[in-house]
Amino acid sequence: MAIGQLIAGLFLGKALYNFLYSGLVVVPNELNVTSLVQYSYPDRNLIFDRYSYQNDSWVFVVCDEEPIQPKDNGSSKFLKCEVYHDDHGGRRHECPISLKMSRRGAGVIKPGSMQVRPFGEDKAILSWVDPTVSVTSSNKWRLFVVHLSDCSLYEAPAKQLRHLRPVNFVVYENWFVAIVSSEKRGTKCYHEPLQMFDVPRCWVGFNDRLDVSAGPFFWLRQNLRDDRMIVAPLRDNDPASRQLLIEIFSWNGNLHAGASIVQHNGTRLDLSEFVLMDSRPGQAFDPYDRIAYSTSQGRIGICAKIWTEPGHHELNCAQWDRRGQQWMNNVTVAPFQHVNEIAVMNLPDDGGMLVVVAECEDVSCVGKNRRHHVVKIDRYRNDDDDDALAHKFDKYECDARINRAESRFFLHGLEGDYCISQACYEDFFVHHFKNPFQKRTREFKFKTRCFHLPRGYFGGRR
């Protein structure tokens, strides 16, 4: 049985798809399926997003809605928060913190204005751009690091952040880099507020106590502006590593995702472009829901969901080595209309990639028929492979009318033990099918599922 036939069964026709599933699916051994962990904080500010979890652990922040003004502290106001670090092993760090409010702002955390990220084994980064601060203020950005082992709180001096606005972060074990722009005219990092072309980006580095910094240094110019770009090191926890850069931009009536390898001096090596969708008016999609990447195993793997015509999508997956040499390029047609929660992981040696997608019967994924499919793809699409389909399982409910649902792969313990982290959290991106006046849920849930793939799934042509 050809791997191409199996791929066709998964992606081309429902009848053949059902037939193949009835007889040829290889079901890996389940290692551990954890129960769903759910958090709810009514009447408080819950901060958690796509950067707040890694593998099977996660950090989140819960803050009061309004600051308080202690009677014995003059006119100073403080916002009370708790920072949490949990994992599926049942371990928890919890740190109460008080953030002193700027006199120029209202001290209210608006949705999307604060991010929290894991930092090493026991630290968290809090980045907050206060939109209530006057537009003329040079200090809208505040940056904190919480050491969860002893609850010590460090804040970057205001002079280090003056005029800077964070765009993204690259986090290592005891050091992190913020990709920034500047609001000060005449500086190398400045761009006009509405500037869309030739946008300069700089970087500034910090240690884990925010008392040592470097920069800002000029990094690169974006041909077309993307403030949500993905930046990921090709080697984990290596500050000397080159970066994978994925940018979304609109061109000739279509939304594109461009992938490249970037050096520290900003030199680019372009890898590929993916046409994600047409830019039809009235269709509000988050394009970053349609692309997934992996930098494990010394390779770069990217999968993109591509719109072809109403009700039809292609899943385009490609792989390169770290020098930018293309290793694989597969285009596969999805048999179901609503393809969500794409995740990808490179396999060892010449084994290709694991890809997980969620199948939903409606755009918001609230129907009863919901499942995940895990598929192995590689560059050997020959006539003697019959194990392209690795795993399938039911998908827990995550109402996309309110929330964002995501999946990510990670390797657990022994080789061949693969896990999928699934997060469902409040989303502030207004899709075309969402109610923009939807009340906040102030909750999120997290689940991890692990399974074992035998060694036969690795390697290339067998």
# chains A, B, ... in the order shown; residues from 1 in each chain; ligands from 1
call {"tool": "residues_around", "arguments": {"residues": "Gly367 (chain A)", "least_positions_apart": "3", "cutoff": "12 Å", "atoms": "only C-alpha atoms", "output": "ChimeraX atom specification"}}
result
/A:338,359-364,370-371,395-400
call {"tool": "write_last_selection", "arguments": {"atoms": "N, CA, C and O atoms", "output": "PDB file, in the first residue's frame"}}
result
ATOM      1  N   HIS A 338     -13.365  22.280   7.816  1.00  0.00           N
ATOM      2  CA  HIS A 338     -12.852  23.108   8.910  1.00  0.00           C
ATOM      3  C   HIS A 338     -11.648  22.421   9.543  1.00  0.00           C
ATOM      4  O   HIS A 338     -11.785  21.502  10.350  1.00  0.00           O
ATOM      5  N   GLU A 359     -10.257  18.255  13.286  1.00  0.00           N
ATOM      6  CA  GLU A 359     -11.379  18.255  12.359  1.00  0.00           C
ATOM      7  C   GLU A 359     -12.631  18.696  13.104  1.00  0.00           C
ATOM      8  O   GLU A 359     -12.979  18.138  14.146  1.00  0.00           O
ATOM      9  N   CYS A 360     -13.317  19.691  12.575  1.00  0.00           N
ATOM     10  CA  CYS A 360     -14.537  20.203  13.179  1.00  0.00           C
ATOM     11  C   CYS A 360     -15.636  20.244  12.123  1.00  0.00           C
ATOM     12  O   CYS A 360     -15.359  20.412  10.936  1.00  0.00           O
ATOM     13  N   GLU A 361     -16.865  20.124  12.564  1.00  0.00           N
ATOM     14  CA  GLU A 361     -17.977  20.142  11.612  1.00  0.00           C
ATOM     15  C   GLU A 361     -18.514  21.542  11.364  1.00  0.00           C
ATOM     16  O   GLU A 361     -19.359  21.743  10.502  1.00  0.00           O
ATOM     17  N   ASP A 362     -18.036  22.515  12.125  1.00  0.00           N
ATOM     18  CA  ASP A 362     -18.454  23.898  11.916  1.00  0.00           C
ATOM     19  C   ASP A 362     -17.274  24.806  12.233  1.00  0.00           C
ATOM     20  O   ASP A 362     -16.296  24.396  12.857  1.00  0.00           O
ATOM     21  N   VAL A 363     -17.360  26.048  11.802  1.00  0.00           N
ATOM     22  CA  VAL A 363     -16.228  26.955  11.893  1.00  0.00           C
ATOM     23  C   VAL A 363     -15.839  27.260  13.340  1.00  0.00           C
ATOM     24  O   VAL A 363     -14.666  27.505  13.637  1.00  0.00           O
ATOM     25  N   SER A 364     -16.796  27.239  14.250  1.00  0.00           N
ATOM     26  CA  SER A 364     -16.498  27.543  15.656  1.00  0.00           C
ATOM     27  C   SER A 364     -16.174  26.295  16.467  1.00  0.00           C
ATOM     28  O   SER A 364     -15.880  26.396  17.650  1.00  0.00           O
ATOM     29  N   ARG A 370     -15.965  16.104  16.682  1.00  0.00           N
ATOM     30  CA  ARG A 370     -14.682  16.780  16.774  1.00  0.00           C
ATOM     31  C   ARG A 370     -13.607  15.733  17.037  1.00  0.00           C
ATOM     32  O   ARG A 370     -13.752  14.905  17.933  1.00  0.00           O
ATOM     33  N   ARG A 371     -12.549  15.775  16.272  1.00  0.00           N
ATOM     34  CA  ARG A 371     -11.456  14.829  16.524  1.00  0.00           C
ATOM     35  C   ARG A 371     -10.141  15.407  16.029  1.00  0.00           C
ATOM     36  O   ARG A 371     -10.105  16.290  15.189  1.00  0.00           O
ATOM     37  N   LYS A 395     -11.576  15.262  20.221  1.00  0.00           N
ATOM     38  CA  LYS A 395     -11.139  16.597  20.637  1.00  0.00           C
ATOM     39  C   LYS A 395     -12.087  17.141  21.699  1.00  0.00           C
ATOM     40  O   LYS A 395     -13.306  17.076  21.542  1.00  0.00           O
ATOM     41  N   TYR A 396     -11.516  17.676  22.775  1.00  0.00           N
ATOM     42  CA  TYR A 396     -12.349  18.290  23.793  1.00  0.00           C
ATOM     43  C   TYR A 396     -12.930  19.595  23.265  1.00  0.00           C
ATOM     44  O   TYR A 396     -12.417  20.202  22.329  1.00  0.00           O
ATOM     45  N   GLU A 397     -14.013  20.049  23.866  1.00  0.00           N
ATOM     46  CA  GLU A 397     -14.704  21.231  23.356  1.00  0.00           C
ATOM     47  C   GLU A 397     -13.962  22.509  23.709  1.00  0.00           C
ATOM     48  O   GLU A 397     -13.508  22.706  24.835  1.00  0.00           O
ATOM     49  N   CYS A 398     -13.840  23.378  22.712  1.00  0.00           N
ATOM     50  CA  CYS A 398     -13.300  24.718  22.909  1.00  0.00           C
ATOM     51  C   CYS A 398     -14.035  25.623  21.941  1.00  0.00           C
ATOM     52  O   CYS A 398     -13.779  25.596  20.737  1.00  0.00           O
ATOM     53  N   ASP A 399     -14.958  26.389  22.441  1.00  0.00           N
ATOM     54  CA  ASP A 399     -15.840  27.195  21.605  1.00  0.00           C
ATOM     55  C   ASP A 399     -15.059  28.355  20.986  1.00  0.00           C
ATOM     56  O   ASP A 399     -14.696  29.312  21.666  1.00  0.00           O
ATOM     57  N   ALA A 400     -14.818  28.264  19.675  1.00  0.00           N
ATOM     58  CA  ALA A 400     -14.007  29.280  19.000  1.00  0.00           C
ATOM     59  C   ALA A 400     -14.745  30.596  18.818  1.00  0.00           C
ATOM     60  O   ALA A 400     -14.149  31.570  18.352  1.00  0.00           O
TER      61      ALA A 400
END
call {"tool": "select_by_dssp", "arguments": {"residues": "region 35-175 of chain A", "states": "alpha helix (DSSP H)", "output": "ChimeraX atom specification"}}
result
/A:158-161
call {"tool": "write_last_selection", "arguments": {"atoms": "N, CA, C and O atoms", "output": "PDB file, in the first residue's frame"}}
result
ATOM      1  N   ALA A 158      13.100  52.366  34.175  1.00  0.00           N
ATOM      2  CA  ALA A 158      12.337  53.068  33.142  1.00  0.00           C
ATOM      3  C   ALA A 158      13.238  53.618  32.042  1.00  0.00           C
ATOM      4  O   ALA A 158      12.861  53.635  30.863  1.00  0.00           O
ATOM      5  N   LYS A 159      14.451  54.034  32.400  1.00  0.00           N
ATOM      6  CA  LYS A 159      15.344  54.618  31.390  1.00  0.00           C
ATOM      7  C   LYS A 159      15.772  53.592  30.354  1.00  0.00           C
ATOM      8  O   LYS A 159      16.094  53.956  29.209  1.00  0.00           O
ATOM      9  N   GLN A 160      15.802  52.310  30.729  1.00  0.00           N
ATOM     10  CA  GLN A 160      16.169  51.277  29.760  1.00  0.00           C
ATOM     11  C   GLN A 160      15.084  51.075  28.703  1.00  0.00           C
ATOM     12  O   GLN A 160      15.367  50.643  27.584  1.00  0.00           O
ATOM     13  N   LEU A 161      13.846  51.357  29.064  1.00  0.00           N
ATOM     14  CA  LEU A 161      12.719  51.087  28.175  1.00  0.00           C
ATOM     15  C   LEU A 161      12.179  52.341  27.506  1.00  0.00           C
ATOM     16  O   LEU A 161      11.210  52.256  26.740  1.00  0.00           O
TER      17      LEU A 161
END
call {"tool": "closest_residue", "arguments": {"among": "A:Trp175, A:Trp58, A:Phe169, A:Phe410", "to": "Arg228 (chain A)", "atoms": "only C-alpha atoms"}}
result
A:Phe169
call {"tool": "residues_around", "arguments": {"residues": "Val374 (chain A)", "least_positions_apart": "3", "cutoff": "6 Å", "atoms": "only C-alpha atoms", "output": "list in words"}}
result
Val355, Val356, Ala390, His391 and Lys392 of chain A
call {"tool": "write_last_selection", "arguments": {"atoms": "N, CA and C atoms", "output": "PDB file, in the first residue's frame"}}
result
ATOM      1  N   VAL A 355       2.350  15.653  12.062  1.00  0.00           N
ATOM      2  CA  VAL A 355       1.436  16.781  11.931  1.00  0.00           C
ATOM      3  C   VAL A 355       0.137  16.416  12.625  1.00  0.00           C
ATOM      4  N   VAL A 356      -0.386  17.319  13.440  1.00  0.00           N
ATOM      5  CA  VAL A 356      -1.695  17.119  14.051  1.00  0.00           C
ATOM      6  C   VAL A 356      -2.623  18.226  13.570  1.00  0.00           C
ATOM      7  N   ALA A 390      -1.039   7.770  11.961  1.00  0.00           N
ATOM      8  CA  ALA A 390      -0.467   7.330  13.218  1.00  0.00           C
ATOM      9  C   ALA A 390      -1.480   7.239  14.345  1.00  0.00           C
ATOM     10  N   HIS A 391      -2.406   8.196  14.435  1.00  0.00           N
ATOM     11  CA  HIS A 391      -3.209   8.287  15.646  1.00  0.00           C
ATOM     12  C   HIS A 391      -4.413   9.178  15.389  1.00  0.00           C
ATOM     13  N   LYS A 392      -5.507   8.908  16.059  1.00  0.00           N
ATOM     14  CA  LYS A 392      -6.658   9.801  16.057  1.00  0.00           C
ATOM     15  C   LYS A 392      -7.314   9.732  17.424  1.00  0.00           C
TER      16      LYS A 392
END
call {"tool": "closest_residue", "arguments": {"among": "A:Val204, A:Leu148, A:Ile300, A:Leu276", "to": "Leu245 (chain A)", "atoms": "only C-alpha atoms"}}
result
A:Ile300
call {"tool": "closest_residue", "arguments": {"among": "A:Ala232, A:Met114, A:Ile377, A:Met328", "to": "Ser127 (chain A)", "atoms": "only C-alpha atoms"}}
result
A:Met114
